[in-house]
>>> print(open('start01.txt').read())   # compact mmCIF, C-alpha atoms and all ligand atoms
# COMPACT_ATOMS: atom_id res chain seq x y z
CA MET A 1 4.73 -3.39 -51.87
CA ILE A 2 1.91 -0.86 -51.53
CA MET A 3 -0.55 -1.43 -48.67
CA THR A 4 -4.29 -1.84 -49.25
CA PRO A 5 -6.36 1.23 -48.15
CA ARG A 6 -7.67 -0.70 -45.11
CA LEU A 7 -4.22 -1.74 -43.98
CA ARG A 8 -2.90 1.77 -44.57
CA LYS A 9 -5.61 3.27 -42.34
CA PHE A 10 -4.82 0.75 -39.63
CA ALA A 11 -1.08 1.44 -39.85
CA LEU A 12 -1.70 5.21 -39.82
CA ALA A 13 -3.96 4.95 -36.74
CA ALA A 14 -1.24 2.94 -34.96
CA HIS A 15 1.48 5.37 -36.07
CA ILE A 16 -0.43 8.43 -34.83
CA THR A 17 -1.28 6.71 -31.52
CA PHE A 18 2.34 5.78 -30.79
CA SER A 19 3.91 9.03 -32.06
CA VAL A 20 1.54 11.50 -30.44
CA GLY A 21 1.44 9.24 -27.35
CA TRP A 22 5.22 9.64 -27.17
CA ILE A 23 4.82 13.42 -26.96
CA GLY A 24 2.12 13.07 -24.28
CA ALA A 25 4.21 10.66 -22.22
CA VAL A 26 7.15 13.08 -22.28
CA ALA A 27 4.80 15.87 -21.09
CA GLY A 28 3.91 13.74 -18.04
CA TYR A 29 7.60 12.99 -17.51
CA ILE A 30 8.45 16.72 -17.61
CA ALA A 31 6.08 17.36 -14.67
CA LEU A 32 8.16 14.92 -12.59
CA ASP A 33 11.41 16.28 -14.01
CA ILE A 34 10.44 19.81 -12.89
CA ALA A 35 9.67 18.43 -9.40
CA ALA A 36 13.10 16.72 -9.38
CA ALA A 37 14.78 20.00 -10.41
CA THR A 38 12.97 22.35 -8.02
CA SER A 39 11.70 20.47 -4.96
CA ARG A 40 13.56 20.61 -1.64
CA ASP A 41 11.43 17.90 -0.05
CA ALA A 42 13.21 14.51 0.18
CA GLN A 43 9.97 12.51 -0.08
CA THR A 44 8.92 14.33 -3.26
CA LEU A 45 12.37 13.90 -4.80
CA ARG A 46 12.47 10.18 -4.04
CA THR A 47 9.02 9.63 -5.56
CA ALA A 48 9.79 11.78 -8.61
CA TYR A 49 13.00 9.92 -9.52
CA LEU A 50 11.39 6.49 -9.07
CA ALA A 51 8.36 7.46 -11.18
CA MET A 52 10.61 9.01 -13.85
CA GLU A 53 12.42 5.71 -14.25
CA LEU A 54 9.16 3.76 -14.63
CA ILE A 55 7.67 6.18 -17.17
CA ALA A 56 10.91 6.37 -19.16
CA TRP A 57 11.47 2.60 -19.42
CA TYR A 58 7.91 1.32 -19.66
CA VAL A 59 6.09 4.09 -21.53
CA ILE A 60 8.47 6.45 -23.36
CA VAL A 61 10.98 3.90 -24.73
CA PRO A 62 8.29 1.51 -26.07
CA LEU A 63 6.39 4.43 -27.66
CA ALA A 64 9.58 5.77 -29.29
CA LEU A 65 10.44 2.37 -30.76
CA THR A 66 6.91 1.68 -32.02
CA SER A 67 6.62 5.21 -33.46
CA LEU A 68 9.84 4.62 -35.42
CA LEU A 69 8.75 1.15 -36.51
CA THR A 70 5.27 2.19 -37.69
CA GLY A 71 6.82 5.25 -39.41
CA LEU A 72 9.11 2.91 -41.36
CA VAL A 73 6.25 0.53 -42.25
CA ILE A 74 3.91 3.29 -43.40
CA SER A 75 6.65 4.96 -45.48
CA VAL A 76 7.74 1.80 -47.24
CA GLY A 77 4.13 0.61 -47.64
CA THR A 78 2.85 3.78 -49.36
CA ARG A 79 3.90 5.95 -52.30
CA TRP A 80 5.65 8.25 -49.83
CA GLY A 81 8.63 5.86 -49.71
CA LEU A 82 11.48 6.22 -47.24
CA PHE A 83 13.98 8.20 -49.32
CA ARG A 84 11.77 10.04 -51.84
CA HIS A 85 10.56 13.07 -49.89
CA TYR A 86 12.68 15.32 -47.72
CA TRP A 87 10.05 15.50 -45.00
CA VAL A 88 10.04 11.70 -44.59
CA LEU A 89 13.85 11.55 -44.62
CA ILE A 90 14.18 14.36 -42.06
CA SER A 91 11.50 12.72 -39.85
CA LEU A 92 13.40 9.45 -40.01
CA LEU A 93 16.74 11.03 -39.09
CA LEU A 94 15.30 13.18 -36.28
CA THR A 95 13.37 10.23 -34.85
CA ILE A 96 16.50 8.04 -34.90
CA VAL A 97 18.54 10.79 -33.17
CA ALA A 98 15.78 11.39 -30.59
CA THR A 99 15.54 7.64 -29.88
CA LEU A 100 19.31 7.24 -29.51
CA VAL A 101 19.54 10.21 -27.11
CA LEU A 102 16.61 8.71 -25.17
CA LEU A 103 18.33 5.33 -24.89
CA VAL A 104 21.43 6.99 -23.40
CA GLU A 105 19.31 9.20 -21.15
CA VAL A 106 17.41 6.30 -19.57
CA GLN A 107 20.72 5.03 -18.20
CA THR A 108 21.18 8.33 -16.33
CA ILE A 109 17.57 8.17 -15.09
CA SER A 110 18.14 4.61 -13.80
CA TYR A 111 21.25 5.81 -12.00
CA PHE A 112 19.26 8.62 -10.29
CA ALA A 113 16.44 6.18 -9.41
CA ASP A 114 18.87 3.67 -7.87
CA ILE A 115 20.25 6.38 -5.59
CA ALA A 116 16.72 7.59 -4.74
CA ALA A 117 15.60 4.02 -3.92
CA ASP A 118 18.43 3.57 -1.42
CA PRO A 119 16.97 4.33 2.06
CA THR A 120 20.39 5.49 3.30
CA THR A 121 20.53 8.35 0.75
CA SER A 122 20.20 11.64 2.64
CA GLY A 123 18.00 14.60 1.69
CA ASP A 124 21.09 16.62 0.74
CA ASP A 125 22.30 13.84 -1.58
CA LEU A 126 18.85 13.74 -3.23
CA ARG A 127 18.79 17.52 -3.69
CA ALA A 128 22.24 17.34 -5.34
CA LEU A 129 21.16 14.78 -7.97
CA GLY A 130 19.96 17.19 -10.67
CA SER A 131 17.44 16.65 -13.45
CA THR A 132 17.17 15.68 -17.12
CA LEU A 133 15.13 18.78 -18.05
CA VAL A 134 17.44 19.90 -20.89
CA HIS A 135 16.86 16.60 -22.65
CA SER A 136 13.17 16.23 -21.92
CA VAL A 137 12.31 19.79 -23.02
CA GLY A 138 14.77 19.70 -25.97
CA GLY A 139 13.36 16.31 -27.00
CA THR A 140 9.81 17.69 -26.95
CA VAL A 141 10.81 20.50 -29.32
CA VAL A 142 12.31 17.95 -31.74
CA LEU A 143 9.17 15.76 -31.53
CA LEU A 144 6.96 18.78 -32.26
CA VAL A 145 9.08 19.66 -35.32
CA ILE A 146 8.60 16.07 -36.60
CA LEU A 147 4.87 16.25 -35.88
CA VAL A 148 4.47 19.50 -37.86
CA LEU A 149 6.57 18.10 -40.75
CA ASN A 150 4.43 14.95 -40.87
CA VAL A 151 1.15 16.87 -40.86
CA TYR A 152 2.15 19.55 -43.41
CA LYS A 153 4.21 17.19 -45.62
CA PRO A 154 6.09 20.00 -47.45
CA ARG A 155 6.75 19.31 -51.17
CA GLY A 156 10.55 18.89 -51.78
CA MET A 157 11.61 15.62 -53.40
CA THR A 158 15.02 13.98 -53.31
CA ARG A 159 16.91 13.08 -56.53
CA TYR A 160 16.01 9.46 -55.90
CA GLY A 161 12.35 10.47 -55.50
CA TRP A 162 12.39 12.28 -58.88
CA ARG A 163 13.95 9.29 -60.61
CA LYS A 164 11.37 6.91 -59.15
CA GLN A 165 8.54 9.22 -60.20
CA GLN A 166 9.84 9.38 -63.79
CA GLU A 167 10.16 5.58 -63.89
CA GLN A 168 6.60 5.15 -62.65
CA ARG A 169 5.28 7.59 -65.26
CA LYS A 170 7.04 5.65 -68.01
CA VAL A 171 5.50 2.41 -66.77
CA SER A 172 1.97 3.83 -66.58
CA ARG A 173 2.27 5.67 -69.98
CA PRO A 174 4.58 3.55 -72.14
C1 LIG C 1 8.00 11.61 -33.21
C2 LIG C 1 7.92 11.05 -34.36
C3 LIG C 1 6.73 11.17 -35.27
C4 LIG C 1 5.55 11.88 -35.12
C5 LIG C 1 5.12 12.77 -33.95
C6 LIG C 1 4.76 11.59 -36.30
C7 LIG C 1 3.47 12.08 -36.51
C8 LIG C 1 2.69 11.79 -37.60
C9 LIG C 1 1.33 12.19 -37.79
C10 LIG C 1 0.50 13.02 -36.79
C11 LIG C 1 0.93 11.74 -39.00
C12 LIG C 1 -0.45 11.92 -39.64
C13 LIG C 1 -0.41 13.10 -40.58
C14 LIG C 1 -1.55 13.12 -41.57
O1 LIG C 1 -1.75 12.13 -42.28
O2 LIG C 1 -2.19 14.18 -41.67
C15 LIG C 1 2.04 11.04 -39.60
C16 LIG C 1 2.03 10.48 -40.84
C17 LIG C 1 3.12 9.92 -41.45
N1 LIG C 1 4.35 9.68 -40.87
FE1 LIG C 1 4.90 10.15 -38.98
N2 LIG C 1 5.46 10.77 -37.14
C18 LIG C 1 6.67 10.49 -36.55
C19 LIG C 1 7.69 9.70 -37.05
C20 LIG C 1 7.74 9.24 -38.35
C21 LIG C 1 8.86 8.56 -38.96
C22 LIG C 1 10.16 8.22 -38.25
C23 LIG C 1 8.53 8.31 -40.26
C24 LIG C 1 9.33 7.65 -41.33
C25 LIG C 1 10.27 6.78 -41.17
C26 LIG C 1 7.18 8.80 -40.47
C27 LIG C 1 6.48 8.73 -41.65
C28 LIG C 1 5.17 9.12 -41.83
C29 LIG C 1 4.45 8.99 -43.08
C30 LIG C 1 4.98 8.45 -44.41
C31 LIG C 1 3.15 9.49 -42.86
C32 LIG C 1 2.01 9.59 -43.89
C33 LIG C 1 1.21 8.33 -43.87
C34 LIG C 1 0.08 8.33 -44.89
O3 LIG C 1 -0.11 9.29 -45.63
O4 LIG C 1 -0.62 7.32 -44.91
N3 LIG C 1 6.74 9.36 -39.28
N4 LIG C 1 3.09 11.06 -38.71
>>> encode(input="start01.txt", output="structure tokens")
Amino acid sequence: MIMTPRLRKFALAAHITFSVGWIGAVAGYIALDIAAATSRDAQTLRTAYLAMELIAWYVIVPLALTSLLTGLVISVGTRWGLFRHYWVLISLLLTIVATLVLLVEVQTISYFADIAADPTTSGDDLRALGSTLVHSVGGTVVLLVILVLNVYKPRGMTRYGWRKQQEQRKVSRP
């Protein structure tokens, strides 16, 4: 099921928008995460945690899921395939891992935001909450690795990819 060139362009534009948007959204999130990790001011901490929850749930999670989905569609719908090239396979695995870690992490962020939203929480309690910097910075590194892999598309084919290529050659030159 190979896509028409028009459809492929459309799918690629969507895939790039969601995937690179994901990286950008995490960059915005990191600014708040740094404020949560370093600020001593209760007002700033409260605002940072509440905004982190909104960005994580309503921007980062949807972008992660749509990046994964469009990645799957564009792989299956082109000659790249899902299991033929190592770079596609590694992108798929890393994106799945990054998304799973994100889905666990948003629970922690919601927990922080609930405490921050409670008007009875003291400044000391807010300062003791901590941050998610290890995950947001680590996640960005993983996303950049996937981005570079997807742009460079290093050669390397899987066994399955070789077999499929041979089969296609036989069909086109019987
Ligand atoms: C954070 C995750 C991802 C990022 C940042 C990302 C980024 C990109 C970018 C920038 C391109 C355009 C490269 C170019 O054509 O020069 C691309 C293409 C592509 N990506 Fe992704 N991607 C991600 C996830 C995935 C996943 C999970 C898959 C597979 C399941 C995938 C499969 C592909 C394929 C097959 C292409 C080539 C499409 C074509 O030639 O028409 N990507 N990606």
>>> axis_aligned_box(input="start01.txt", around="ligand LIG 1 (chain C)", padding_each_side="3 Å", output="AutoDock Vina command-line options")
--center_x 4.0 --center_y 10.5 --center_z -39.4 --size_x 18.5 --size_y 13.4 --size_z 18.4
>>> residues_near_ligand(input="start01.txt", ligand="ligand LIG 1 (chain C)", cutoff="7 Å", atoms="only C-alpha atoms and all ligand atoms", output="CSV table (one decimal) with C-alpha atoms, in the frame of the given file")
chain,number,residue,atom,x,y,z
A,8,ARG,CA,-2.9,1.8,-44.6
A,9,LYS,CA,-5.6,3.3,-42.3
A,12,LEU,CA,-1.7,5.2,-39.8
A,15,HIS,CA,1.5,5.4,-36.1
A,16,ILE,CA,-0.4,8.4,-34.8
A,19,SER,CA,3.9,9.0,-32.1
A,20,VAL,CA,1.5,11.5,-30.4
A,22,TRP,CA,5.2,9.6,-27.2
A,67,SER,CA,6.6,5.2,-33.5
A,68,LEU,CA,9.8,4.6,-35.4
A,71,GLY,CA,6.8,5.2,-39.4
A,72,LEU,CA,9.1,2.9,-41.4
A,74,ILE,CA,3.9,3.3,-43.4
A,75,SER,CA,6.6,5.0,-45.5
A,78,THR,CA,2.8,3.8,-49.4
A,80,TRP,CA,5.6,8.2,-49.8
A,81,GLY,CA,8.6,5.9,-49.7
A,82,LEU,CA,11.5,6.2,-47.2
A,88,VAL,CA,10.0,11.7,-44.6
A,89,LEU,CA,13.8,11.6,-44.6
A,91,SER,CA,11.5,12.7,-39.8
A,92,LEU,CA,13.4,9.4,-40.0
A,95,THR,CA,13.4,10.2,-34.8
A,143,LEU,CA,9.2,15.8,-31.5
A,144,LEU,CA,7.0,18.8,-32.3
A,146,ILE,CA,8.6,16.1,-36.6
A,147,LEU,CA,4.9,16.2,-35.9
A,150,ASN,CA,4.4,15.0,-40.9
A,151,VAL,CA,1.2,16.9,-40.9
>>> atom_distance(input="start01.txt", atom1="atom CA of Leu149 of chain A", atom2="atom CA of Met52 of chain A")
28.7 Å
>>> atom_distance(input="start01.txt", atom1="atom CA of Val73 of chain A", atom2="atom CA of Leu7 of chain A")
10.9 Å
>>> closest_residue(input="start01.txt", among="A:Thr70, A:Arg155, A:Ser39, A:Thr99", to="Asp124 of chain A", atoms="only C-alpha atoms")
A:Ser39
>>> residues_near_point(input="start01.txt", point="(4.2, 11.6, -59.1)", cutoff="12 Å", atoms="only C-alpha atoms", output="ChimeraX atom specification")
/A:79-81,84-85,155,157,161-170,172
>>> atom_distance(input="start01.txt", atom1="atom CA of Val142 of chain A", atom2="atom CA of Thr38 of chain A")
24.1 Å
>>> closest_residue(input="start01.txt", among="A:Gln43, A:Thr108, A:Thr66, A:Thr158", to="Ser122 of chain A", atoms="only C-alpha atoms")
A:Gln43
>>> closest_atom_pairs(input="start01.txt", of="segment 91-136 of chain A", to="segment 26-30 of chain A", cutoff="12 Å", atoms="all atoms listed in the file", output="tab-separated table")
residue	atom	partner	partner_atom	distance
A:Leu102	CA	A:Val26	CA	10.8
A:Ile109	CA	A:Tyr29	CA	11.3
A:Ser131	CA	A:Ile30	CA	9.9
A:Thr132	CA	A:Ile30	CA	8.8
A:Leu133	CA	A:Ile30	CA	7.0
A:Val134	CA	A:Ile30	CA	10.1
A:His135	CA	A:Ile30	CA	9.8
A:Ser136	CA	A:Ile30	CA	6.4
>>> closest_residue(input="start01.txt", among="A:Leu63, A:Trp87, A:Thr4, A:Leu32", to="Tyr152 of chain A", atoms="all atoms listed in the file")
A:Trp87
>>> closest_residue(input="start01.txt", among="A:Leu94, A:Leu129, A:Met1, A:Val61", to="Arg40 of chain A", atoms="all atoms listed in the file")
A:Leu129
>>> closest_residue(input="start01.txt", among="A:Ile96, A:Val137, A:Ala31, A:Val171", to="Ala64 of chain A", atoms="all atoms listed in the file")
A:Ile96
>>> closest_residue(input="start01.txt", among="A:Phe10, A:Phe83, A:Phe112, A:Trp57", to="Leu45 of chain A", atoms="all atoms listed in the file")
A:Phe112
>>> decode(input="start01.txt", residues="segment 8-31 of chain A", atoms="N, CA and C atoms", output="compact mmCIF listing (two decimals), in the first residue's frame")
# COMPACT_ATOMS: atom_id res chain seq x y z
N ARG A 8 1.95 11.45 0.19
CA ARG A 8 3.20 11.28 0.91
C ARG A 8 3.72 12.62 1.41
N LYS A 9 3.64 13.64 0.53
CA LYS A 9 4.09 14.99 0.93
C LYS A 9 3.27 15.50 2.12
N PHE A 10 1.97 15.28 2.02
CA PHE A 10 1.07 15.74 3.08
C PHE A 10 1.43 15.04 4.41
N ALA A 11 1.59 13.71 4.33
CA ALA A 11 1.91 12.94 5.53
C ALA A 11 3.27 13.37 6.10
N LEU A 12 4.23 13.65 5.20
CA LEU A 12 5.56 14.06 5.66
C LEU A 12 5.49 15.43 6.35
N ALA A 13 4.71 16.36 5.74
CA ALA A 13 4.57 17.69 6.35
C ALA A 13 3.96 17.56 7.75
N ALA A 14 2.94 16.70 7.89
CA ALA A 14 2.31 16.49 9.19
C ALA A 14 3.32 15.86 10.17
N HIS A 15 4.05 14.85 9.68
CA HIS A 15 5.01 14.16 10.55
C HIS A 15 6.10 15.12 11.08
N ILE A 16 6.62 15.96 10.17
CA ILE A 16 7.67 16.91 10.59
C ILE A 16 7.09 17.92 11.59
N THR A 17 5.87 18.41 11.29
CA THR A 17 5.24 19.39 12.19
C THR A 17 5.10 18.83 13.60
N PHE A 18 4.54 17.62 13.70
CA PHE A 18 4.30 17.03 15.03
C PHE A 18 5.61 16.68 15.73
N SER A 19 6.55 16.09 14.98
CA SER A 19 7.79 15.60 15.61
C SER A 19 8.69 16.74 16.07
N VAL A 20 8.90 17.71 15.17
CA VAL A 20 9.78 18.82 15.54
C VAL A 20 9.05 19.73 16.56
N GLY A 21 7.70 19.79 16.42
CA GLY A 21 6.90 20.52 17.40
C GLY A 21 7.07 19.92 18.79
N TRP A 22 7.16 18.62 18.86
CA TRP A 22 7.37 17.91 20.13
C TRP A 22 8.66 18.41 20.80
N ILE A 23 9.72 18.50 20.00
CA ILE A 23 11.00 18.98 20.54
C ILE A 23 10.86 20.43 21.04
N GLY A 24 10.18 21.26 20.25
CA GLY A 24 9.99 22.66 20.64
C GLY A 24 9.17 22.80 21.91
N ALA A 25 8.12 21.97 22.02
CA ALA A 25 7.26 22.05 23.21
C ALA A 25 8.05 21.65 24.46
N VAL A 26 8.92 20.65 24.31
CA VAL A 26 9.73 20.24 25.47
C VAL A 26 10.71 21.36 25.85
N ALA A 27 11.21 22.11 24.85
CA ALA A 27 12.11 23.23 25.14
C ALA A 27 11.39 24.26 26.01
N GLY A 28 10.14 24.57 25.66
CA GLY A 28 9.34 25.51 26.47
C GLY A 28 9.12 24.95 27.87
N TYR A 29 8.86 23.66 27.93
CA TYR A 29 8.62 22.99 29.23
C TYR A 29 9.87 23.08 30.11
N ILE A 30 11.06 22.91 29.48
CA ILE A 30 12.31 22.93 30.25
C ILE A 30 12.51 24.29 30.94
N ALA A 31 12.08 25.37 30.27
CA ALA A 31 12.22 26.70 30.89
C ALA A 31 11.46 26.73 32.22
